[in-house]
Amino acid sequence: MKQWPEPVERVAAVLRNAGVDARVEEFPEGAPTAGAAAKAVGCSRAEIVKSLLFICDGRPTLALVPGDRRADEAKVAAEAGAKAARVARPEEVLAATGFEPGGVAPFPAPGVAQVLIDPAILGHEQVWIGAGSERHMAGIAPVDLVRLTNARAGDLSET
């Protein structure tokens with residue numbers, strides 16, 4: 001069995017332990033942006049899930065947004081039940097998720113207070129998530145993504 005880098009192995013372990021039919025893949029050219037990820041995987045940007053960490057009234061909140069959309073801070077704050085939201089700083093991302101910015105996976109995220117997901121993601125048969133590094137992604141069914149993250153759907157994107 002292939003040995004993944006430690007952050008990627010954490011993601012793979014969650015998938016294995018949950019019995020989720022998902023595959024982790026390595027893309028040597030990297031997939032640090034939604035556009036690069038879509039090109040590497042061979043799908044549309046809408047099928048790429050961006051895992052964005054926001055600090056909502058001091059609470060780390062993960063917003064899962066389609067790769068073809070931009071997160072709206074005011075909408076994220078509203079859905080999180082917060083007065084304000086701001087994009088987390090790199091050190092806050094690492095502290096809350098255990099992943100470096102650019103390689104954030106939606107799980108496991110021990111320091112994240114809540115996970116929100118844009119409903120547009122739910123319309124796809126399969127989506128691609130970051131899997132712990134800029135070079136690793138995992139294809140997963142949105143229903144499994146919601147189950148593993150305990151995500152709540154809400155309008156998070158700019159219109």
# chains A, B, ... in the order shown; residues from 1 in each chain; ligands from 1

$ residues_around --residues "Ala120 of chain A" --least-positions-apart "3" --cutoff "10 Å" --atoms "only C-alpha atoms" --output "PyMOL selection string"
chain A and resi 46-47+65-66+69+117+123-124+153-157

$ residues_around --residues "Arg45 of chain A" --least-positions-apart "6" --cutoff "12 Å" --atoms "only C-alpha atoms" --output "number ranges by chain"
A: 31, 33-39, 65-70, 120-121, 124, 127-129

$ write_last_selection --atoms "N, CA and C atoms" --output "mmCIF file, in the first residue's frame"
data_model
loop_
_atom_site.group_PDB
_atom_site.id
_atom_site.type_symbol
_atom_site.label_atom_id
_atom_site.label_comp_id
_atom_site.auth_asym_id
_atom_site.auth_seq_id
_atom_site.Cartn_x
_atom_site.Cartn_y
_atom_site.Cartn_z
ATOM 1 N N ALA A 31 -1.838 21.249 -7.266
ATOM 2 C CA ALA A 31 -3.181 21.766 -7.513
ATOM 3 C C ALA A 31 -3.510 22.818 -6.460
ATOM 4 N N THR A 33 -4.599 25.856 -6.751
ATOM 5 C CA THR A 33 -5.767 26.698 -7.025
ATOM 6 C C THR A 33 -6.880 25.838 -7.597
ATOM 7 N N ALA A 34 -8.111 26.354 -7.561
ATOM 8 C CA ALA A 34 -9.241 25.600 -8.102
ATOM 9 C C ALA A 34 -9.050 25.335 -9.592
ATOM 10 N N GLY A 35 -8.512 26.317 -10.314
ATOM 11 C CA GLY A 35 -8.278 26.138 -11.746
ATOM 12 C C GLY A 35 -7.264 25.047 -12.024
ATOM 13 N N ALA A 36 -6.152 25.069 -11.283
ATOM 14 C CA ALA A 36 -5.120 24.039 -11.456
ATOM 15 C C ALA A 36 -5.656 22.672 -11.051
ATOM 16 N N ALA A 37 -6.450 22.625 -9.986
ATOM 17 C CA ALA A 37 -7.021 21.367 -9.519
ATOM 18 C C ALA A 37 -7.976 20.780 -10.557
ATOM 19 N N ALA A 38 -8.839 21.626 -11.114
ATOM 20 C CA ALA A 38 -9.793 21.156 -12.121
ATOM 21 C C ALA A 38 -9.064 20.618 -13.347
ATOM 22 N N LYS A 39 -8.008 21.319 -13.749
ATOM 23 C CA LYS A 39 -7.221 20.877 -14.898
ATOM 24 C C LYS A 39 -6.549 19.531 -14.613
ATOM 25 N N VAL A 65 -16.682 25.815 -0.344
ATOM 26 C CA VAL A 65 -17.225 26.641 -1.427
ATOM 27 C C VAL A 65 -16.804 26.044 -2.770
ATOM 28 N N PRO A 66 -17.697 26.060 -3.781
ATOM 29 C CA PRO A 66 -17.313 25.546 -5.100
ATOM 30 C C PRO A 66 -16.143 26.334 -5.687
ATOM 31 N N GLY A 67 -15.302 25.646 -6.431
ATOM 32 C CA GLY A 67 -14.108 26.246 -7.013
ATOM 33 C C GLY A 67 -14.369 27.347 -8.021
ATOM 34 N N ASP A 68 -15.599 27.448 -8.507
ATOM 35 C CA ASP A 68 -15.917 28.490 -9.488
ATOM 36 C C ASP A 68 -16.583 29.702 -8.832
ATOM 37 N N ARG A 69 -16.587 29.738 -7.496
ATOM 38 C CA ARG A 69 -17.223 30.851 -6.787
ATOM 39 C C ARG A 69 -16.282 31.412 -5.733
ATOM 40 N N ARG A 70 -16.599 32.632 -5.297
ATOM 41 C CA ARG A 70 -15.838 33.271 -4.214
ATOM 42 C C ARG A 70 -16.710 33.291 -2.965
ATOM 43 N N ALA A 120 -24.483 24.570 -3.663
ATOM 44 C CA ALA A 120 -24.130 24.264 -5.058
ATOM 45 C C ALA A 120 -23.262 23.002 -5.142
ATOM 46 N N ILE A 121 -22.507 22.718 -4.103
ATOM 47 C CA ILE A 121 -21.648 21.526 -4.085
ATOM 48 C C ILE A 121 -22.479 20.250 -4.079
ATOM 49 N N HIS A 124 -23.609 17.774 -7.302
ATOM 50 C CA HIS A 124 -22.694 16.954 -8.108
ATOM 51 C C HIS A 124 -22.666 15.511 -7.607
ATOM 52 N N VAL A 127 -17.288 15.271 -6.050
ATOM 53 C CA VAL A 127 -16.511 16.512 -5.981
ATOM 54 C C VAL A 127 -15.100 16.151 -5.529
ATOM 55 N N TRP A 128 -14.196 17.093 -5.722
ATOM 56 C CA TRP A 128 -12.799 16.879 -5.352
ATOM 57 C C TRP A 128 -12.411 17.841 -4.252
ATOM 58 N N ILE A 129 -11.852 17.279 -3.182
ATOM 59 C CA ILE A 129 -11.429 18.059 -2.026
ATOM 60 C C ILE A 129 -9.907 18.026 -1.898
#

$ select_by_dssp --residues "segment 55-134 of chain A" --states "alpha helix (DSSP H)" --output "list in words"
Glu73, Ala74, Lys75, Val76, Ala77, Ala78, Glu79, Ala80, Pro90, Glu91, Glu92, Val93, Leu94, Ala95, Ala96 and Thr97 of chain A

$ closest_residue --among "A:Asp57, A:Asp21, A:Glu158, A:Glu92" --to "Ala80 of chain A" --atoms "only C-alpha atoms"
A:Asp57

$ atom_distance --atom1 "atom CA of Ala109 of chain A" --atom2 "atom CA of Arg152 of chain A"
15.3 Å

$ residues_around --residues "Arg59 of chain A" --least-positions-apart "5" --cutoff "9 Å" --atoms "only C-alpha atoms" --output "short mmCIF file (atom, residue, chain, number, x, y, z; two decimals) with N, CA and C atoms, in the first residue's frame"
data_model
loop_
_atom_site.label_atom_id
_atom_site.label_comp_id
_atom_site.auth_asym_id
_atom_site.auth_seq_id
_atom_site.Cartn_x
_atom_site.Cartn_y
_atom_site.Cartn_z
N PHE A 54 -12.42 30.61 8.03
CA PHE A 54 -12.77 31.95 8.47
C PHE A 54 -12.79 31.97 9.99
N ALA A 82 -22.60 34.64 13.36
CA ALA A 82 -21.60 35.55 13.91
C ALA A 82 -21.85 36.98 13.44
N VAL A 112 -11.67 23.13 14.45
CA VAL A 112 -12.73 23.87 13.75
C VAL A 112 -14.03 23.76 14.52
N ALA A 113 -14.66 24.89 14.80
CA ALA A 113 -15.89 24.92 15.58
C ALA A 113 -17.09 24.42 14.79
N GLN A 114 -17.13 24.75 13.48
CA GLN A 114 -18.26 24.32 12.64
C GLN A 114 -17.84 24.32 11.18
#

$ residues_around --residues "Asn150 of chain A" --least-positions-apart "5" --cutoff "9 Å" --atoms "only C-alpha atoms" --output "list of chain:residue names"
A:Gln114, A:Val115, A:Leu116, A:Leu145

$ select_by_dssp --residues "segment 108-146 of chain A" --states "strand (DSSP E or B)" --output "list in words"
Gln114, Val115, Leu116, Ile117, Val127, Trp128, Ile129, Gly130, His136, Met137, Ala138, Gly139 and Ile140 of chain A

$ closest_residue --among "A:Pro119, A:Pro28, A:Gly111, A:Gly139" --to "Leu62 of chain A" --atoms "only C-alpha atoms"
A:Gly111

$ closest_residue --among "A:Gly30, A:Pro106, A:Pro90, A:Gly58" --to "Leu148 of chain A" --atoms "only C-alpha atoms"
A:Pro106

$ residues_around --residues "segment 95-99 of chain A" --least-positions-apart "3" --cutoff "8 Å" --atoms "only C-alpha atoms" --output "MDAnalysis selection string"
chainID A and resid 7 60 91:92 103:105 107:112 132:133

$ write_last_selection --atoms "C-alpha atoms" --output "PDB file, in the first residue's frame"
ATOM      1  CA  PRO A   7      -1.094  15.122   6.558  1.00  0.00           C
ATOM      2  CA  PRO A  60     -12.658  28.905  13.470  1.00  0.00           C
ATOM      3  CA  GLU A  91      -0.873  30.307  11.294  1.00  0.00           C
ATOM      4  CA  GLU A  92      -4.565  30.164  12.295  1.00  0.00           C
ATOM      5  CA  GLY A 103      -3.404  21.883   1.286  1.00  0.00           C
ATOM      6  CA  VAL A 104      -6.375  22.189   3.636  1.00  0.00           C
ATOM      7  CA  ALA A 105      -8.659  19.175   3.726  1.00  0.00           C
ATOM      8  CA  PHE A 107     -11.399  16.707   7.665  1.00  0.00           C
ATOM      9  CA  PRO A 108     -10.038  15.870  10.139  1.00  0.00           C
ATOM     10  CA  ALA A 109     -10.162  19.419  11.483  1.00  0.00           C
ATOM     11  CA  PRO A 110      -9.928  19.146  15.283  1.00  0.00           C
ATOM     12  CA  GLY A 111      -9.796  22.887  15.976  1.00  0.00           C
ATOM     13  CA  VAL A 112     -12.726  23.867  13.748  1.00  0.00           C
ATOM     14  CA  GLY A 132      -3.678  17.408   3.013  1.00  0.00           C
ATOM     15  CA  SER A 133      -1.152  18.914   0.604  1.00  0.00           C
TER      16      SER A 133
END

$ atom_distance --atom1 "atom CA of Cys43 of chain A" --atom2 "atom CA of Gln126 of chain A"
10.0 Å

$ atom_distance --atom1 "atom CA of His136 of chain A" --atom2 "atom CA of Ser44 of chain A"
17.3 Å

$ closest_residue --among "A:Ala88, A:Ala71, A:Val76, A:Val143" --to "Thr159 of chain A" --atoms "only C-alpha atoms"
A:Ala71

$ residues_around --residues "Trp4 of chain A" --least-positions-apart "2" --cutoff "10 Å" --atoms "only C-alpha atoms" --output "list in words"
Met1, Lys2, Glu6, Pro7, Val8, Glu9, Arg10, Val11, Ala12, Val24, Glu25, Glu26, Gly132 and His136 of chain A

$ closest_residue --among "A:Ala18, A:Cys56, A:Gly102, A:Lys83" --to "Met137 of chain A" --atoms "only C-alpha atoms"
A:Gly102
